[in-house]
Structures are given as structure tokens and as C-alpha cells.
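Asker: Sharing a structure here in C-alpha cells format.
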Amino acid sequence: PSIESASQAVSAVIGHGIVPAALEMMDNVTVGAVEAHYHAGYPTDAGAVLLVEVDGIAESTRELTAAIARILTENQGYAMREAQTPAERELLWAGRKGAIGALGRIKPNYYLHDGVVPRSRLPQVLSAVGEIGEHYKLPVANVFHAGDGNLHPNILFDLRDRDVLQQVEAAGEEMLRAVVELGGALSGEHGIGLEKSAFMPWIYSEDDLDAMHRVKDVFDADGILNPGKIFPDPSRRPVHLAGRTGLAIEAKWW
């Protein structure tokens, strides 16, 4: 399936009242890199691959598996495969868990955000992410927690090319803006640190931020807990990849 139809399938599964234990997506770029390393049997001609895991007693999992397979077929899914042994299951998941490292086959460094959108908006935001990558002529690999709408668009680049860092950062910011414009949030799991604090006004008003800051002040009157994080601080220099290469180097591993 295309990444758009795979996204629609995610919404359809949840819309039928089925909540898998895990529902992950990898796009074609990611699948190619992962399959070359792990040989897990992912279809490299697919626009996207969904990894779905269900739990429960044997009878209920069989029913859930059949229902999910039907929904995926209705949404252009094909080449569905069910792990028959623990070893096969572990291999399928090993590819997903090692996906970020496998992307090093394409470029040695990556930069990502972890915005989150309503699952129904996944097709639109993934389309926007693809267009942004094309605009900046940067390869982008999507591997993420589709069941939660939690995105991880990996912008791939080579740190030795210093001229590309500004483009990488601009592309990442535009991707986050697309997330917010589609009703999403700046972070689905990793939180707001030094970098994304500057984007908080995209979602929150000055009054909102002031109220949150006053709550923090109750517990941190001296401002010693994570200073400069979460809340915008004009007195601090902005965080840029070009000025902090350690950020990009650290981001090579996850």
C-alpha cells in the first residue's frame, strides 16, 4: 500500500474499536534500509509496512487478527504475514527496533522531531512531510508509532556537509508547523527541551505560558531545574544545529 492508504488503515483499525498492543509504521525508505540489514522479509516494493501486535487469550487474538486483516485488505493492504513462531516474531520486531540505526546505510546522521497528530490526520501530515523533504532536497524516512499518531520523520544528512545543516533545521521546523496546523502537538513522548521551547507560542498564548511558568515556580523558585527548557526565554541564544554539532552527532544513535 501507499503510505497514505496505510495511514487510513490505522484509523480504520482504531475506528472499529480495536486497540492493538502495538501498531507501528515504516515507509518504503525505511523498509529498504532495514531489510538490507535484517532480512526480516519486509516487502521492499511496498509504500509502507504496518507492524501490528495483539495480545490476549488465544481465541480472542485469532478473532482480532482476522478482523485486522480484513480491515487492512479493505484499505489496499497486501502481502499480510502472521508470525508463526517466537523467532519469526522477534525477527520482525528486530527490524523495527533497529530501524534508526539501519538508516545509516543512506546517510550517517539524522535529525527528527516527535510531533503527534490525531490518527485521522496521518495521511495529510505524512503528505506534508514528504513535500517538505522534496522542497529541501533532503531524504526523509518515516518510522513511527502509528497507533498513537506519534510521528518520527527522520531527516537524513551528512554532518560533514556543513552547508546542509540550515536546510535540515528549516525542514524540521516546517514539519512541526504542519503537525500543529493539523491539530497536533509539538511532542508525543520526548517533551519540550531547549530546542522546541521557541515553538511553544505556536500553541499556547502568553497567558497560558505564564500560568504554566507560575506553577513551575512554586516547585522551583530558584529556577535551577532544567533552566531554559519548556518555556521560551528571549535572553537565551537560540539552539541551532550549525552552532551545536554535538546535537547532530548525538542524534545519530537512539
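Here's how to read the names in the C-alpha cells: chain A, B, ... by the order shown, residue numbers from 1 in each chain, ligand numbers from 1 in the order shown.
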Check the DSSP output for the backbone and give back, as a PyMOL selection string, the residues of segment 5-254 of chain A in strand (DSSP E).

Answerer: chain A and resi 22-27+48-53+109-111+140-144+153-157

Asker: Considering only C-alpha atoms, return as a list of chain:residue names whatever protein or nucleic-acid residues lie within 12 Å of Gly56 of chain A, sequence-local ones (same chain, fewer than 4 positions apart) excluded.

Answerer: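 Counting only the stated atoms, we get A:Val19, A:Pro20, A:Ala21, A:Ser60, A:Thr61, A:Arg62, A:Glu63, A:Leu64, A:Thr65.
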
Asker: So which residues touch segment 113-130 of chain A within 9 Å, counting only C-alpha atoms, skipping near sequence neighbours fewer than 3 positions away, as a PyMOL selection string?

Answerer: chain A and resi 3-8+10-12+14+133-135+139-140+142+144+146-154+171-176+178-180+182-191

Asker: Would you mind exporting the chosen residues as a CSV table (one decimal), in the first residue's frame, restricted to N, CA and C atoms?

Answerer:
chain,number,residue,atom,x,y,z
A,3,ILE,N,1.8,5.0,1.6
A,3,ILE,CA,1.9,5.4,3.0
A,3,ILE,C,0.5,6.1,3.4
A,4,GLU,N,-0.1,6.7,2.4
A,4,GLU,CA,-1.4,7.3,2.7
A,4,GLU,C,-2.5,6.3,3.0
A,5,SER,N,-2.6,5.2,2.2
A,5,SER,CA,-3.6,4.1,2.5
A,5,SER,C,-3.2,3.4,3.8
A,6,ALA,N,-1.9,3.2,4.0
A,6,ALA,CA,-1.6,2.6,5.3
A,6,ALA,C,-2.0,3.4,6.5
A,7,SER,N,-1.9,4.7,6.3
A,7,SER,CA,-2.3,5.6,7.4
A,7,SER,C,-3.9,5.5,7.6
A,8,GLN,N,-4.6,5.5,6.5
A,8,GLN,CA,-6.0,5.3,6.6
A,8,GLN,C,-6.4,4.0,7.3
A,10,VAL,N,-4.7,2.5,9.6
A,10,VAL,CA,-4.5,2.7,11.0
A,10,VAL,C,-5.8,3.3,11.7
A,11,SER,N,-6.3,4.4,11.1
A,11,SER,CA,-7.5,5.0,11.6
A,11,SER,C,-8.7,4.0,11.6
A,12,ALA,N,-8.8,3.2,10.5
A,12,ALA,CA,-9.9,2.3,10.4
A,12,ALA,C,-9.8,1.2,11.4
A,14,ILE,N,-8.5,1.4,14.5
A,14,ILE,CA,-8.9,2.0,15.8
A,14,ILE,C,-10.3,2.4,15.7
A,133,GLY,N,10.4,17.5,2.5
A,133,GLY,CA,11.6,16.8,2.2
A,133,GLY,C,12.0,17.1,0.8
A,134,GLU,N,11.0,17.0,-0.2
A,134,GLU,CA,11.3,17.2,-1.6
A,134,GLU,C,11.7,18.7,-1.8
A,135,HIS,N,11.1,19.6,-1.1
A,135,HIS,CA,11.4,21.0,-1.3
A,135,HIS,C,12.8,21.3,-0.9
A,139,PRO,N,16.5,13.6,2.0
A,139,PRO,CA,15.8,12.3,2.1
A,139,PRO,C,15.2,12.2,3.5
A,140,VAL,N,13.9,11.8,3.6
A,140,VAL,CA,13.2,11.6,4.8
A,140,VAL,C,12.7,10.2,5.0
A,142,ASN,N,10.3,7.8,7.4
A,142,ASN,CA,9.3,7.8,8.4
A,142,ASN,C,9.2,6.4,9.1
A,144,PHE,N,7.5,5.1,12.8
A,144,PHE,CA,6.8,5.8,14.0
A,144,PHE,C,5.7,5.0,14.6
A,146,ALA,N,2.4,4.6,14.8
A,146,ALA,CA,1.2,5.0,14.0
A,146,ALA,C,-0.1,4.9,14.9
A,147,GLY,N,-0.1,3.9,15.8
A,147,GLY,CA,-1.3,3.7,16.6
A,147,GLY,C,-1.6,4.9,17.5
A,148,ASP,N,-0.5,5.7,17.8
A,148,ASP,CA,-0.7,6.8,18.7
A,148,ASP,C,-0.7,8.1,17.9
A,149,GLY,N,-0.4,8.1,16.6
A,149,GLY,CA,-0.3,9.3,15.8
A,149,GLY,C,1.0,10.0,16.1
A,150,ASN,N,2.0,9.3,16.7
A,150,ASN,CA,3.2,9.9,17.1
A,150,ASN,C,4.3,9.7,16.0
A,151,LEU,N,4.6,10.9,15.4
A,151,LEU,CA,5.5,10.9,14.2
A,151,LEU,C,7.0,10.9,14.6
A,152,HIS,N,7.8,10.3,13.7
A,152,HIS,CA,9.2,10.4,13.8
A,152,HIS,C,9.8,10.5,12.4
A,153,PRO,N,9.6,11.7,11.7
A,153,PRO,CA,10.2,11.8,10.4
A,153,PRO,C,11.7,12.1,10.5
A,154,ASN,N,12.5,11.1,10.1
A,154,ASN,CA,14.0,11.2,10.1
A,154,ASN,C,14.5,12.0,8.9
A,171,ALA,N,13.7,22.4,7.6
A,171,ALA,CA,12.8,21.4,7.2
A,171,ALA,C,12.1,20.8,8.4
A,172,GLY,N,12.9,20.6,9.5
A,172,GLY,CA,12.3,20.1,10.7
A,172,GLY,C,11.3,21.0,11.3
A,173,GLU,N,11.6,22.3,11.3
A,173,GLU,CA,10.6,23.3,11.8
A,173,GLU,C,9.3,23.3,11.0
A,174,GLU,N,9.5,23.2,9.7
A,174,GLU,CA,8.3,23.2,8.8
A,174,GLU,C,7.4,22.0,9.1
A,175,MET,N,8.1,20.9,9.3
A,175,MET,CA,7.3,19.6,9.6
A,175,MET,C,6.5,19.8,10.9
A,176,LEU,N,7.2,20.4,11.9
A,176,LEU,CA,6.4,20.6,13.2
A,176,LEU,C,5.3,21.6,13.0
A,178,ALA,N,3.5,21.9,10.3
A,178,ALA,CA,2.4,21.1,9.7
A,178,ALA,C,1.7,20.3,10.7
A,179,VAL,N,2.4,19.8,11.7
A,179,VAL,CA,1.8,19.0,12.7
A,179,VAL,C,0.8,19.9,13.5
A,180,VAL,N,1.2,21.1,13.9
A,180,VAL,CA,0.4,22.0,14.7
A,180,VAL,C,-0.8,22.4,13.9
A,182,LEU,N,-2.4,20.9,11.7
A,182,LEU,CA,-3.3,19.8,11.6
A,182,LEU,C,-3.9,19.3,12.9
A,183,GLY,N,-3.8,20.2,13.9
A,183,GLY,CA,-4.4,19.9,15.2
A,183,GLY,C,-3.6,19.1,16.1
A,184,GLY,N,-2.2,19.0,15.9
A,184,GLY,CA,-1.4,18.2,16.7
A,184,GLY,C,-0.6,18.9,17.7
A,185,ALA,N,0.3,18.3,18.4
A,185,ALA,CA,1.1,18.9,19.4
A,185,ALA,C,2.6,18.7,19.1
A,186,LEU,N,3.4,19.5,19.8
A,186,LEU,CA,4.8,19.6,19.5
A,186,LEU,C,5.6,18.3,19.8
A,187,SER,N,5.1,17.6,20.8
A,187,SER,CA,5.8,16.4,21.3
A,187,SER,C,4.8,15.3,21.7
A,188,GLY,N,5.1,14.1,21.2
A,188,GLY,CA,4.2,13.0,21.7
A,188,GLY,C,4.8,12.2,22.8
A,189,GLU,N,6.1,12.3,23.0
A,189,GLU,CA,6.7,11.4,24.1
A,189,GLU,C,8.0,12.0,24.7
A,190,HIS,N,8.7,12.8,23.9
A,190,HIS,CA,10.1,13.2,24.4
A,190,HIS,C,10.1,14.5,25.1
A,191,GLY,N,9.0,15.3,25.0
A,191,GLY,CA,8.9,16.5,25.8
A,191,GLY,C,9.5,17.7,25.1

Asker: Compile the contact shell of Ala66 of chain A as a JSON list (two decimals) with C-alpha atoms, in the first residue's frame: residues with an atom at most 12 Å away, counting only C-alpha atoms, same-chain residues fewer than 2 positions apart removed.

Answerer:
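Result file is selection.json:
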[["chain", "number", "residue", "atom", "x", "y", "z"],
["A", 13, "VAL", "CA", -8.46, -0.31, 12.80],
["A", 18, "ILE", "CA", -9.62, -2.45, 18.06],
["A", 54, "VAL", "CA", -2.32, -8.04, 19.56],
["A", 59, "GLU", "CA", -9.26, -17.30, 20.88],
["A", 60, "SER", "CA", -9.61, -13.52, 21.15],
["A", 61, "THR", "CA", -6.29, -12.87, 19.42],
["A", 62, "ARG", "CA", -7.35, -15.07, 16.50],
["A", 63, "GLU", "CA", -10.55, -13.06, 16.15],
["A", 64, "LEU", "CA", -8.69, -9.76, 16.39],
["A", 68, "ILE", "CA", -7.47, -6.53, 11.43],
["A", 69, "ALA", "CA", -6.56, -8.49, 8.29],
["A", 70, "ARG", "CA", -9.98, -7.73, 6.83],
["A", 71, "ILE", "CA", -9.65, -4.01, 7.58],
["A", 72, "LEU", "CA", -6.16, -3.86, 6.09],
["A", 73, "THR", "CA", -7.36, -5.59, 2.93],
["A", 80, "MET", "CA", -0.04, -9.84, 5.00],
["A", 81, "ARG", "CA", 2.07, -12.14, 7.10],
["A", 82, "GLU", "CA", 1.48, -13.58, 10.54]]

Asker: Could you tell me how far atom CA of Lys216 of chain A sits from atom CA of Tyr204 of chain A, in Å to one decimal place?

Answerer: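 Computed distance, atom CA of Tyr204 of chain A to atom CA of Lys216 of chain A, equals 16.0 Å.
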
Asker: Just checking: using only C-alpha atoms, which residue out of A:Ile203, A:Met212, A:Val31, A:Leu156 ends up closest to Pro43 of chain A?

Answerer: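 Of the candidates, the smallest distance to Pro43 of chain A is held by A:Val31.
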
Asker: Among segment 97-210 of chain A, which ones does DSSP place in alpha helix (DSSP H), written as an MDAnalysis selection string?

Answerer: chainID A and resid 97 99:102 122:135 165:181 206:210

Asker: Could you write out that same residue set with N, CA and C atoms as a short mmCIF file (atom, residue, chain, number, x, y, z; two decimals), in the first residue's frame?

Answerer:
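Result file follows (result.cif):
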data_model
loop_
_atom_site.label_atom_id
_atom_site.label_comp_id
_atom_site.auth_asym_id
_atom_site.auth_seq_id
_atom_site.Cartn_x
_atom_site.Cartn_y
_atom_site.Cartn_z
N LYS A 97 12.92 -2.25 15.67
CA LYS A 97 13.72 -1.68 16.74
C LYS A 97 15.07 -1.17 16.25
N ALA A 99 15.56 0.08 13.22
CA ALA A 99 15.34 0.87 12.01
C ALA A 99 16.19 2.12 11.96
N ILE A 100 16.29 2.84 13.07
CA ILE A 100 17.03 4.10 13.06
C ILE A 100 18.50 3.86 12.71
N GLY A 101 19.08 2.83 13.31
CA GLY A 101 20.47 2.52 13.01
C GLY A 101 20.66 2.11 11.56
N ALA A 102 19.68 1.36 11.02
CA ALA A 102 19.78 0.90 9.64
C ALA A 102 19.77 2.05 8.65
N LEU A 122 -3.12 11.55 9.92
CA LEU A 122 -1.85 10.97 9.48
C LEU A 122 -1.63 11.09 7.97
N PRO A 123 -2.63 10.80 7.12
CA PRO A 123 -2.38 10.92 5.68
C PRO A 123 -1.94 12.32 5.27
N GLN A 124 -2.61 13.34 5.84
CA GLN A 124 -2.28 14.72 5.48
C GLN A 124 -0.89 15.12 5.96
N VAL A 125 -0.57 14.75 7.19
CA VAL A 125 0.72 15.20 7.73
C VAL A 125 1.87 14.46 7.05
N LEU A 126 1.68 13.20 6.71
CA LEU A 126 2.74 12.46 6.03
C LEU A 126 2.95 13.00 4.61
N SER A 127 1.86 13.41 3.98
CA SER A 127 1.98 14.04 2.67
C SER A 127 2.77 15.34 2.78
N ALA A 128 2.48 16.12 3.83
CA ALA A 128 3.20 17.39 4.05
C ALA A 128 4.68 17.13 4.32
N VAL A 129 4.97 16.13 5.12
CA VAL A 129 6.36 15.78 5.43
C VAL A 129 7.12 15.43 4.14
N GLY A 130 6.48 14.65 3.28
CA GLY A 130 7.11 14.29 2.02
C GLY A 130 7.38 15.49 1.14
N GLU A 131 6.42 16.40 1.07
CA GLU A 131 6.59 17.60 0.25
C GLU A 131 7.71 18.49 0.79
N ILE A 132 7.81 18.58 2.11
CA ILE A 132 8.87 19.40 2.72
C ILE A 132 10.24 18.80 2.41
N GLY A 133 10.35 17.49 2.52
CA GLY A 133 11.61 16.84 2.20
C GLY A 133 12.02 17.08 0.75
N GLU A 134 11.04 16.99 -0.15
CA GLU A 134 11.32 17.24 -1.57
C GLU A 134 11.73 18.69 -1.81
N HIS A 135 11.06 19.60 -1.11
CA HIS A 135 11.38 21.03 -1.28
C HIS A 135 12.84 21.32 -0.92
N LEU A 165 23.11 21.94 7.10
CA LEU A 165 22.52 21.98 8.44
C LEU A 165 21.36 22.96 8.54
N GLN A 166 21.51 24.12 7.92
CA GLN A 166 20.44 25.11 7.98
C GLN A 166 19.18 24.59 7.28
N GLN A 167 19.36 23.86 6.18
CA GLN A 167 18.21 23.29 5.48
C GLN A 167 17.54 22.21 6.32
N VAL A 168 18.35 21.40 6.98
CA VAL A 168 17.82 20.34 7.83
C VAL A 168 16.96 20.94 8.94
N GLU A 169 17.48 21.96 9.59
CA GLU A 169 16.76 22.60 10.68
C GLU A 169 15.47 23.26 10.19
N ALA A 170 15.54 23.93 9.05
CA ALA A 170 14.35 24.58 8.49
C ALA A 170 13.29 23.56 8.12
N ALA A 171 13.72 22.44 7.55
CA ALA A 171 12.78 21.38 7.19
C ALA A 171 12.10 20.81 8.43
N GLY A 172 12.88 20.59 9.49
CA GLY A 172 12.30 20.08 10.73
C GLY A 172 11.27 21.02 11.32
N GLU A 173 11.57 22.32 11.28
CA GLU A 173 10.63 23.31 11.80
C GLU A 173 9.34 23.32 10.98
N GLU A 174 9.47 23.23 9.66
CA GLU A 174 8.27 23.22 8.82
C GLU A 174 7.42 21.98 9.07
N MET A 175 8.07 20.86 9.33
CA MET A 175 7.32 19.64 9.63
C MET A 175 6.53 19.79 10.92
N LEU A 176 7.15 20.42 11.92
CA LEU A 176 6.43 20.64 13.18
C LEU A 176 5.27 21.61 12.98
N ARG A 177 5.47 22.62 12.14
CA ARG A 177 4.38 23.55 11.86
C ARG A 177 3.21 22.82 11.20
N ALA A 178 3.51 21.90 10.30
CA ALA A 178 2.45 21.12 9.67
C ALA A 178 1.68 20.30 10.70
N VAL A 179 2.40 19.75 11.66
CA VAL A 179 1.77 18.99 12.75
C VAL A 179 0.78 19.87 13.51
N VAL A 180 1.24 21.06 13.89
CA VAL A 180 0.40 21.97 14.68
C VAL A 180 -0.81 22.43 13.87
N GLU A 181 -0.60 22.74 12.59
CA GLU A 181 -1.70 23.21 11.74
C GLU A 181 -2.76 22.15 11.54
N GLU A 206 0.37 33.86 25.59
CA GLU A 206 1.25 34.36 26.66
C GLU A 206 0.66 34.06 28.02
N ASP A 207 -0.66 34.19 28.14
CA ASP A 207 -1.31 33.90 29.42
C ASP A 207 -1.17 32.43 29.78
N ASP A 208 -1.32 31.54 28.78
CA ASP A 208 -1.15 30.11 29.04
C ASP A 208 0.25 29.82 29.56
N LEU A 209 1.24 30.36 28.87
CA LEU A 209 2.63 30.10 29.24
C LEU A 209 2.95 30.69 30.61
N ASP A 210 2.40 31.86 30.89
CA ASP A 210 2.63 32.49 32.19
C ASP A 210 2.05 31.64 33.31
#
